[in-house]
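Worksheet: the structure to be examined is printed underneath.
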Amino acid sequence: MIGIKTEKKMTSRENILSRAKANKPDLLELPVINVEVFADGKDLLEEFTKKVEVVGGNVVEQNVSETIFSQVSKMYPDAKVNYATLEGAGDFNTVSLEALKKPHELENLDVLILESILGVAENGAVWLSDGQLPIRVLPFITNHLVIVLKKENIVPFLHQAYPILAKKDNDFGVFISGPSKTADIEQSLVIGAHGAMTLTVVLK
Amino acid sequence: MKVGLFIPCYINQLYPQVGKATLELLEKLNVDVVYPSGQTCCGQPMANSGYEYESVGACNNFVENFKDFDYIVTPSGSCAYHVKKHYNIIPQTEAVKKVRDNVYELCDFIVNILKIEKLTASFPFKVGVHKSCHGLRGLRLGSCSEVVGDSFSSIEDVLKMVKGVELIELTRKDECCGFGGTFAVTEEAISVKMGKDRVKDHLDNGAEVITATDTSCLMHLEGLINRNEQPLKVLHIAEILNSNI
Amino acid sequence: MSHSKAASIFNTDEKKVNWHDKALWFVRHKRDKSVHAVEGWENLRSLGHGIKAHTLSNLDHYLTEFEANAIKNGVQVHWAADAEEHNKIVHSILKKHNAKKIVKSKSMLTEECHLNPYLEADGMEIIDTDLGERIVQLAKEPPSHIVLPAIHKTKEEVDELFQEHLGTKPCGGDPQYLTGEARKHLREKFMEADAAITGVNFAIADTGGFVVCTNEGNADMGAHLAPVHIACMGIEKIIPKQEYLGVFLRLLARSATGQPITTYSSHFKKPIEGNEMHIVIVDNGRTEQLSRPDFRASLHCIRCGACMNTCPIYRRSGGHSYDATIPGPIGSILSPGKDLKKHSTLPFASTLCGSCSDVCPVKIDIHSQLYKWRQIITKETPQPLVKKASMKMMGKVFSKPSQFERVGKVARWSLRNLPKSVINSKPNVWGKERDLPLGPKESFDDWYKNREKND
């Protein structure tokens with residue numbers, strides 16, 4: 001076959017991109033988001049609390065007369081394995097993350113306390129990201145999840161949440177709204193699928 | 001105002017009383033209405049079955065018959081919608097554009113064009129309104145349960161002008177009846193099941209009469225009601241608006 | 001099998017049809033309650049539509065931007081032109097890591113590509129970890145719904161399935177107990193997984209990150225524990241900027257189940273130190289669909305399943321009657337683009353009632369596209385001769401008023417004079433369960449002419 005020039009075969013990447021380019025319509029404008037049309041004048045704290053409860057979680061106020069650790073310990077009297085990322089956890093923490101060989105060893109974690117920097121009123125979601133998560137699987141593998149959130153860090157809608165997140169370089173982050181759940185068996189809601197079986201937001 | 005009356009093919013042949021009621025009603029409302037005798041069908045049966053190209057003759061005939069009227073009024077939301085939405089398959093002459101712009105379903109015309117606020121009709125029965133889909137979601141004769149916004153209904157507005165009518169609430173306010181043109185035979189099992197469920201909703205909620213803007217839906221429901229000997233009367237909305245019981 | 005045939009088989013058990021219809025209507029109802037409480041919901045839908053339409057109109061650009069950012073984040077990006085290449089890529093990554101046990105969270109794309117059987121053929125164990133998907137996997141069935149994969153199964157059926165496969169005790173179908181047992185069973189699978197596969201709900205061009213939404217937490221349990229995470233996405237999952245998640249995450253769960261947001265909306269960007277993260281970007285017919293002006297908006301779909309829950313036909317025929325990866329209205333406009341002949345009955349499995357278009361969170365004109373597919377199907381696939389001939393005849397009759405009058409007269413006479421046994425005989429499918437109207441002596445036309453004469 002000498003003399004016949006074989007063309008180099010297009011890679012799938014080139015193929016897909018060139019087809020996307022050839023087949024797309026003329027450029028359409030990006031719509032402008034005017035968040036004002038969504039304003040509903042609801043009280044943030046009230047709405048946040050209501051939504052956390054709707055999605056199966058609890059909201060409590062931080063008790064000023066005791067530490068968050070003793071407050072949470074009373075909520076889960078049977079818990080054996082606890083961990084908090086908050087300062088001053090001291091002997092609340094029964095595991096040392098540094099000593100773990102792999103995250104799988106957190107399998108028996110009963111109670112985890114984390115801090116969130118952002119809550120969203122419209123859906124009761126709280127944001128957790130690498131900054132607050134020394135190990136990514138923590139909020140999923142724990143049986144009970146407690147998240148501490150400052151009241152002033154609640155925004156009305158996701159539209160207000162993303163500009164705040166855009167300023168931070170998150171390698172991983174998650175909005176968590178309530179405990180893990182499923183309704184895959186005849187649409188019956190069951191709390192506690194693969195992730196945390198309870199979620200409590202402590203407002204301070 | 002010159003109004004052309006369009007009587008859909010199946011009403012013309014099978015339910016002439018609906019055509020009569022429509023005409024008489026418009027005349028009572030002092031509308032200068034004419035029924036052009038060369039009309040046949042809007043073309044929908046072929047088009048919805050995937051044979052739009054076979055409906056071109058029907059479309060042209062429709063335009064030919066109605067191009068000189070200020071408004072075209074028809075006792076069918078479905079046919080009006082078809083003309084508005086699907087007459088893009090023939091060249092868009094001035095006549096075609098005019099016809100598409102000016103075709104109206106009967107209730108829509110009464111409420112939104114004539115702006116009628118009073119009728120002399122009376123009909124002392126519990127009435128359930130089956131909101132035919134093409135009128136509801138095509139012509140937006142009312143708000144539908146899917147869309148967020150203010151609640152409204154031209155059909156209910158006009159029925160509320162009839163003395164004695166008691167509108168009943170349905171459990172599923174605007175579910176399809178399952179007629180769907182040739183769907184009624186190509187998907188017979190589902191079509192029948194949908195129709196049965198629609199009838200049951202009316203019976204469960206105490207309707208004595210089931211009405212709609214479309215005789216096609218009603219033909220399907222009536223077929224089930226008659227076969228199963230159920231205590232429900234079926235009337236096109238024009239018959240109620242034109243009645244004096 | 002045609003949709004109507006499968007649907008009529010499903011309808012032989014009316015009780016089950018009622019149960020199925022009610023279960024899905026319940027979800028539709030939850031959606032209504034949720035969205036009617038959102039100020040500006042219709043604006044939100046328009047934004048969703050507009051952002052998706054814009055993205056598709058600049059798709060190659062955003063894909064390239066996404067790839068570059070993902071690579072910067074330390075993610076390995078792969079491109080697959082079709083299902084086979086997708087499967088090969090996933091397989092080769094797994095092979096490289098000597099992965100034998102794989103956990104997978106929900107991904108309609110991997111269903112579309114038939115990834116599981118491909119990997120199983122090489123002796124790999126692949127476990128679907130979404131509870132509904134695990135149920136249908138154990139039953140050796142495809143999902144019947146994209147959000148509620150086991151919606152066609154009664155709790156008693158799940159009970160039996162779990163007894164057989166997971167060794168559970170008979171429980172009369174107690175969902176609490178069954179879910180608890182599934183949690184234990186799948187916990188073991190998460191603990192021993194060598195690799196995790198997830199789908200992608202949204203891929204963000206300006207960050208190179210992607211978002212995966214679940215209620216159960218299964219995607220995260222898999223992805224954060226296994227040393228390798230492979231995320232598979234269709235090219236249409238791209239959105240230009242992270243801030244648009246504000247629009248789509250507000251729309252998605254509310255439309256799907258009525259929840260204000262899924263329990264977990266996980267934003268993946270960089271792999272865990274020491275682990276690997278891969279993204280496989282798949283075409284498999286999508287650029288072809290992009291080339292069709294009438295149908296390209298079907299690529300806006302964010303897979304919420306709302307059109308299925310609202311569809312009166314889907315609710316009464318079950319997802320399996322569509323014999324397609326994506327069932328229901330959205331599937332009926334996507335599938336013909338892939339295999340027109342195989343899926344030629346799907347666009348006819350609709351009354352064109354339009355409810356699907358009105359619930360769609362990204363305003364896809366689903367019912368209009370169904371209508372348009374019908375026009376193509378009658379031209380490009382073999383049609384029953386009777387249907388074709390009768391349509392031609394109708395077309396002729398309706399274009400000539402004189403013929404219409406003649407045919408109408410005969411039809412009315414027949415309805416009036418023929419015995420019911422003849423009218424409702426077998427060729428008349430209408431008459432199986434419905435009466436036909438009595439043919440009136442006089443058409444409206446006749447009546448009008450007489451009236452004019454007498455005036």
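Lettering and numbering for the structure tokens are positional, with chains as A, B, ... in the shown order, residues counted from 1 in each chain, and ligands counted from 1 in the shown order.
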Expected answer as a PyMOL selection string: chain A residues within 6 Å of chain C, only C-alpha atoms: chain A and resi 12-13+17+20-21+23-25+27-31+37-38+123+137+158-159+162+171-178+180-182+184-186+190+193-195
Would you write out those residues with C-alpha atoms, as a tab-separated table (two decimals), in the first residue's frame?
```tsv
chain	number	residue	atom	x	y	z
A	12	SER	CA	-13.14	10.69	19.93
A	13	ARG	CA	-12.41	13.99	21.64
A	17	LEU	CA	-16.02	18.56	19.70
A	20	ALA	CA	-20.81	19.67	18.62
A	21	LYS	CA	-19.43	22.68	16.80
A	23	ASN	CA	-24.35	20.76	14.84
A	24	LYS	CA	-25.00	23.52	17.35
A	25	PRO	CA	-27.43	26.33	16.56
A	27	LEU	CA	-25.28	31.42	19.56
A	28	LEU	CA	-28.15	32.15	21.92
A	29	GLU	CA	-27.88	34.77	24.64
A	30	LEU	CA	-27.38	33.74	28.23
A	31	PRO	CA	-30.34	34.89	30.30
A	37	VAL	CA	-38.27	38.03	41.33
A	38	PHE	CA	-37.78	35.25	43.85
A	123	ASN	CA	-34.27	24.24	51.52
A	137	VAL	CA	-16.58	10.64	54.12
A	158	LEU	CA	-29.26	29.20	46.62
A	159	HIS	CA	-28.83	32.28	44.43
A	162	TYR	CA	-23.19	30.55	45.30
A	171	ASP	CA	-11.92	20.88	46.39
A	172	PHE	CA	-15.01	19.12	47.61
A	173	GLY	CA	-18.16	20.52	49.11
A	174	VAL	CA	-21.65	19.36	49.81
A	175	PHE	CA	-25.04	20.83	50.61
A	176	ILE	CA	-26.72	18.59	53.14
A	177	SER	CA	-30.42	18.92	53.68
A	178	GLY	CA	-31.67	16.63	56.42
A	180	SER	CA	-30.13	10.42	54.57
A	181	LYS	CA	-33.41	9.04	53.27
A	182	THR	CA	-35.13	6.94	50.65
A	184	ASP	CA	-37.73	3.62	46.97
A	185	ILE	CA	-40.04	1.04	48.53
A	186	GLU	CA	-43.58	2.00	47.58
A	190	VAL	CA	-37.63	5.91	55.42
A	193	ALA	CA	-30.46	5.06	53.97
A	194	HIS	CA	-26.69	5.02	53.56
A	195	GLY	CA	-25.72	8.28	55.20
```
Test item: residues at most 12 Å from Ser76 in chain B, only C-alpha atoms, excluding those fewer than 2 positions along its chain, as a compact mmCIF listing (two decimals) with C-alpha atoms, in the first residue's frame:
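Dumped to result39.txt:
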```txt
# COMPACT_ATOMS: atom_id res chain seq x y z
CA LEU B 5 -69.01 29.38 12.36
CA PHE B 6 -66.80 26.35 12.07
CA ILE B 7 -68.51 23.09 12.93
CA PRO B 8 -65.93 20.30 13.20
CA CYS B 9 -66.50 17.27 10.95
CA TYR B 10 -67.54 14.80 13.65
CA ILE B 11 -69.93 17.33 15.24
CA ASN B 12 -71.45 18.03 11.86
CA VAL B 18 -73.94 20.77 19.42
CA GLY B 19 -73.68 22.78 16.22
CA THR B 22 -73.60 26.94 19.22
CA CYS B 41 -62.44 19.42 8.75
CA CYS B 42 -59.45 21.30 10.19
CA GLN B 44 -56.24 17.42 12.78
CA ILE B 72 -63.93 32.21 13.26
CA VAL B 73 -65.73 30.58 16.16
CA THR B 74 -65.92 26.87 16.82
CA SER B 78 -58.91 21.18 19.88
CA CYS B 79 -59.72 22.29 16.33
CA ALA B 80 -59.09 25.96 17.12
CA TYR B 81 -55.75 25.00 18.60
CA HIS B 82 -54.87 22.92 15.58
CA VAL B 83 -55.47 25.79 13.20
CA VAL B 103 -59.94 31.45 15.19
CA TYR B 104 -61.55 31.13 18.63
CA GLU B 105 -63.01 28.43 20.79
CA LEU B 106 -66.60 29.31 21.74
CA CYS B 107 -66.14 30.12 25.48
CA ASP B 108 -62.97 32.02 24.76
CA PHE B 109 -64.85 34.10 22.20
CA LYS B 131 -61.08 20.53 30.89
CA SER B 132 -60.12 19.25 27.48
CA CYS B 133 -56.36 19.42 27.11
CA HIS B 134 -55.97 21.32 23.86
CA GLY B 135 -58.23 24.07 25.13
CA LEU B 136 -56.57 24.14 28.51
CA GLY B 138 -52.97 24.70 24.13
CA LEU B 139 -55.26 27.73 24.06
CA LEU B 141 -58.58 28.75 28.33
CA ALA B 212 -66.42 19.99 28.04
CA THR B 213 -65.40 22.31 25.24
CA ASP B 214 -64.71 19.33 23.01
CA THR B 215 -67.17 16.79 21.71
CA SER B 216 -64.33 14.42 20.87
CA CYS B 217 -63.50 13.94 24.56
CA LEU B 218 -67.19 13.67 25.30
CA HIS B 236 -71.23 19.90 25.22
CA ILE B 237 -70.85 23.25 26.95
CA ALA B 238 -72.75 25.00 24.14
```
Show me which bits of chain C are within 6 Å of chain B, counting only C-alpha atoms, as a tab-separated table (two decimals) with N, CA and C atoms, in the first residue's frame.
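Below you can see out_26.tsv, which holds the result:
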```tsv
chain	number	residue	atom	x	y	z
C	4	SER	N	-48.27	-0.08	22.71
C	4	SER	CA	-49.68	-0.35	23.01
C	4	SER	C	-49.88	-1.80	23.42
C	8	SER	N	-51.26	-2.86	27.00
C	8	SER	CA	-52.49	-3.62	27.20
C	8	SER	C	-52.23	-4.84	28.08
C	36	HIS	N	-45.67	25.30	43.85
C	36	HIS	CA	-46.62	26.41	43.99
C	36	HIS	C	-46.26	27.32	45.17
C	351	THR	N	-51.50	11.33	24.24
C	351	THR	CA	-52.68	12.00	23.70
C	351	THR	C	-52.34	13.44	23.33
C	353	CYS	N	-51.55	15.68	25.41
C	353	CYS	CA	-52.30	16.51	26.36
C	353	CYS	C	-51.47	17.70	26.84
C	358	ASP	N	-45.71	21.27	30.49
C	358	ASP	CA	-46.00	22.25	31.54
C	358	ASP	C	-45.34	21.92	32.89
C	359	VAL	N	-45.01	20.66	33.13
C	359	VAL	CA	-44.28	20.37	34.38
C	359	VAL	C	-42.78	20.44	34.18
C	374	ARG	N	-43.89	12.08	15.08
C	374	ARG	CA	-44.92	11.32	14.36
C	374	ARG	C	-44.83	11.58	12.86
C	375	GLN	N	-44.62	12.85	12.53
C	375	GLN	CA	-44.58	13.21	11.10
C	375	GLN	C	-43.41	12.51	10.41
C	378	THR	N	-43.98	8.37	10.20
C	378	THR	CA	-44.87	7.86	9.15
C	378	THR	C	-44.20	7.89	7.78
C	391	MET	N	-55.67	7.27	5.95
C	391	MET	CA	-55.27	8.67	6.11
C	391	MET	C	-55.32	9.40	4.78
C	392	LYS	N	-54.88	8.69	3.74
C	392	LYS	CA	-54.89	9.28	2.41
C	392	LYS	C	-56.33	9.56	1.99
C	395	GLY	N	-57.76	12.42	3.92
C	395	GLY	CA	-57.19	13.65	3.39
C	395	GLY	C	-57.96	14.12	2.17
C	398	PHE	N	-61.69	15.20	3.04
C	398	PHE	CA	-61.78	16.49	3.74
C	398	PHE	C	-61.36	17.66	2.86
C	399	SER	N	-60.72	17.35	1.73
C	399	SER	CA	-60.37	18.50	0.89
C	399	SER	C	-61.50	18.85	-0.07
C	401	PRO	N	-65.63	19.26	-0.14
C	401	PRO	CA	-66.87	19.29	0.63
C	401	PRO	C	-67.92	18.30	0.14
C	408	GLY	N	-70.23	11.17	4.93
C	408	GLY	CA	-70.89	11.39	6.21
C	408	GLY	C	-72.28	10.77	6.24
C	429	VAL	N	-62.10	-1.42	16.96
C	429	VAL	CA	-61.43	-1.44	18.26
C	429	VAL	C	-62.13	-0.51	19.23
C	430	TRP	N	-62.65	0.58	18.70
C	430	TRP	CA	-63.38	1.55	19.54
C	430	TRP	C	-64.48	0.85	20.32
C	434	ARG	N	-66.47	0.65	24.30
C	434	ARG	CA	-67.20	1.93	24.20
C	434	ARG	C	-68.29	1.83	23.16
C	435	ASP	N	-69.43	2.44	23.43
C	435	ASP	CA	-70.46	2.55	22.40
C	435	ASP	C	-70.08	3.67	21.44
C	436	LEU	N	-70.59	3.54	20.22
C	436	LEU	CA	-70.45	4.64	19.27
C	436	LEU	C	-71.72	5.48	19.36
C	439	GLY	N	-76.13	7.38	14.91
C	439	GLY	CA	-76.03	8.29	13.77
C	439	GLY	C	-77.30	9.11	13.61
C	443	SER	N	-77.45	15.73	9.34
C	443	SER	CA	-76.20	16.35	9.79
C	443	SER	C	-76.49	17.82	10.11
C	444	PHE	N	-75.51	18.47	10.74
C	444	PHE	CA	-75.68	19.90	11.00
C	444	PHE	C	-75.85	20.65	9.67
```
Name the residues in contact with range 113-125 of chain B at a cut-off of 7 Å, using only C-alpha atoms, excluding same-chain residues fewer than 3 positions from it; report them as a PyMOL selection string. chain B and resi 109-110+161-166+208+240-245
Name all residues at most 8 Å from range 70-84 of chain A (count only C-alpha atoms; drop same-chain ones fewer than 5 positions away) and give them as a ChimeraX atom specification. /A:62-63,89,92-95,108-114,146
I'd like to know which residues of range 57-239 of chain B are strand (DSSP E or B) (by DSSP, run on the backbone); could you write them as a CSV table (one decimal) with N, CA and C atoms, in the first residue's frame?
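This went into out.csv:
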```csv
chain,number,residue,atom,x,y,z
B,71,TYR,N,-63.8,37.0,12.6
B,71,TYR,CA,-63.5,35.9,13.6
B,71,TYR,C,-64.1,34.6,13.1
B,72,ILE,N,-63.4,33.5,13.5
B,72,ILE,CA,-63.9,32.2,13.3
B,72,ILE,C,-64.2,31.6,14.6
B,73,VAL,N,-65.4,31.1,14.8
B,73,VAL,CA,-65.7,30.6,16.2
B,73,VAL,C,-66.1,29.1,16.0
B,74,THR,N,-65.7,28.3,16.9
B,74,THR,CA,-65.9,26.9,16.8
B,74,THR,C,-66.1,26.3,18.2
B,103,VAL,N,-59.1,32.6,14.9
B,103,VAL,CA,-59.9,31.4,15.2
B,103,VAL,C,-60.1,31.3,16.7
B,104,TYR,N,-61.3,31.2,17.2
B,104,TYR,CA,-61.5,31.1,18.6
B,104,TYR,C,-62.4,30.0,19.0
B,105,GLU,N,-62.1,29.4,20.2
B,105,GLU,CA,-63.0,28.4,20.8
B,105,GLU,C,-64.2,29.2,21.3
B,122,SER,N,-80.5,28.8,31.8
B,122,SER,CA,-80.6,28.2,33.1
B,122,SER,C,-80.5,26.7,33.0
B,126,LYS,N,-75.9,19.6,38.8
B,126,LYS,CA,-74.5,19.5,39.3
B,126,LYS,C,-73.6,19.2,38.1
B,127,VAL,N,-72.7,20.1,37.7
B,127,VAL,CA,-71.9,19.9,36.5
B,127,VAL,C,-70.4,19.8,36.8
B,128,GLY,N,-69.9,18.8,36.2
B,128,GLY,CA,-68.4,18.6,36.3
B,128,GLY,C,-67.8,19.0,35.0
B,129,VAL,N,-66.8,19.9,35.0
B,129,VAL,CA,-66.1,20.3,33.8
B,129,VAL,C,-64.9,19.5,33.5
B,142,GLY,N,-57.7,28.4,30.6
B,142,GLY,CA,-57.7,28.5,32.0
B,142,GLY,C,-56.4,28.1,32.5
B,153,SER,N,-60.4,30.7,34.6
B,153,SER,CA,-61.0,29.7,33.7
B,153,SER,C,-62.1,30.4,32.9
B,163,LYS,N,-77.9,30.2,35.2
B,163,LYS,CA,-78.7,30.0,36.4
B,163,LYS,C,-78.8,28.6,36.8
B,166,GLU,N,-74.4,24.1,39.3
B,166,GLU,CA,-73.6,24.0,40.4
B,166,GLU,C,-72.3,23.2,40.0
B,167,LEU,N,-71.2,24.0,40.0
B,167,LEU,CA,-69.9,23.3,39.5
B,167,LEU,C,-69.4,22.5,40.6
B,209,VAL,N,-73.9,15.8,35.4
B,209,VAL,CA,-73.6,16.1,34.0
B,209,VAL,C,-72.1,16.3,33.9
B,210,ILE,N,-71.6,15.8,32.8
B,210,ILE,CA,-70.2,16.1,32.5
B,210,ILE,C,-70.2,16.9,31.2
B,211,THR,N,-69.4,18.0,31.3
B,211,THR,CA,-69.4,18.8,30.1
B,211,THR,C,-67.9,19.1,29.7
B,212,ALA,N,-67.8,19.7,28.5
B,212,ALA,CA,-66.4,20.0,28.0
B,212,ALA,C,-66.5,20.9,26.8
B,233,LYS,N,-75.0,12.3,32.6
B,233,LYS,CA,-75.4,12.8,31.3
B,233,LYS,C,-74.2,13.6,30.7
B,234,VAL,N,-74.1,13.5,29.4
B,234,VAL,CA,-72.9,14.1,28.7
B,234,VAL,C,-73.5,15.2,27.8
B,235,LEU,N,-73.0,16.4,28.0
B,235,LEU,CA,-73.4,17.5,27.2
B,235,LEU,C,-72.2,18.4,26.8
B,236,HIS,N,-72.2,18.9,25.6
B,236,HIS,CA,-71.2,19.9,25.2
B,236,HIS,C,-71.6,21.2,25.9
```
Using backbone DSSP assignments, extract all helix (DSSP H, G or I) residues from range 87-329 of chain C; output them as number ranges by chain. C: 87-96, 108-112, 115-120, 131-138, 155-166, 175-192, 218-225, 235-237, 242-256, 286-290, 296-300, 306-310, 312-317, 319-322, 328-329
Shell around His91 in chain C at 9 Å using only C-alpha atoms, local window under 3 positions removed, as a PyMOL selection string: chain C and resi 86-88+94-96+115+118-119+122
For range 93-96 of chain B, work out the shell of residues within 8 Å, counting only C-alpha atoms and skipping chain neighbours fewer than 6 positions away, then give it as a list in words. Val63, Lys67 and Tyr87 of chain B
Next, the residues of the selection above should be written as an mmCIF file, in the first residue's frame with N, CA and C atoms.
```cif
data_model
loop_
_atom_site.group_PDB
_atom_site.id
_atom_site.type_symbol
_atom_site.label_atom_id
_atom_site.label_comp_id
_atom_site.auth_asym_id
_atom_site.auth_seq_id
_atom_site.Cartn_x
_atom_site.Cartn_y
_atom_site.Cartn_z
ATOM 1 N N VAL B 63 -59.072 27.391 5.072
ATOM 2 C CA VAL B 63 -58.698 28.799 4.871
ATOM 3 C C VAL B 63 -59.603 29.436 3.818
ATOM 4 N N LYS B 67 -61.490 32.722 5.209
ATOM 5 C CA LYS B 67 -60.531 33.829 5.114
ATOM 6 C C LYS B 67 -61.185 35.220 5.159
ATOM 7 N N TYR B 87 -51.063 25.133 11.434
ATOM 8 C CA TYR B 87 -51.227 25.584 10.046
ATOM 9 C C TYR B 87 -49.952 26.255 9.517
#
```
Interatomic distance between CA of Val362 in chain C and CA of His320 in chain C? 24.9 Å
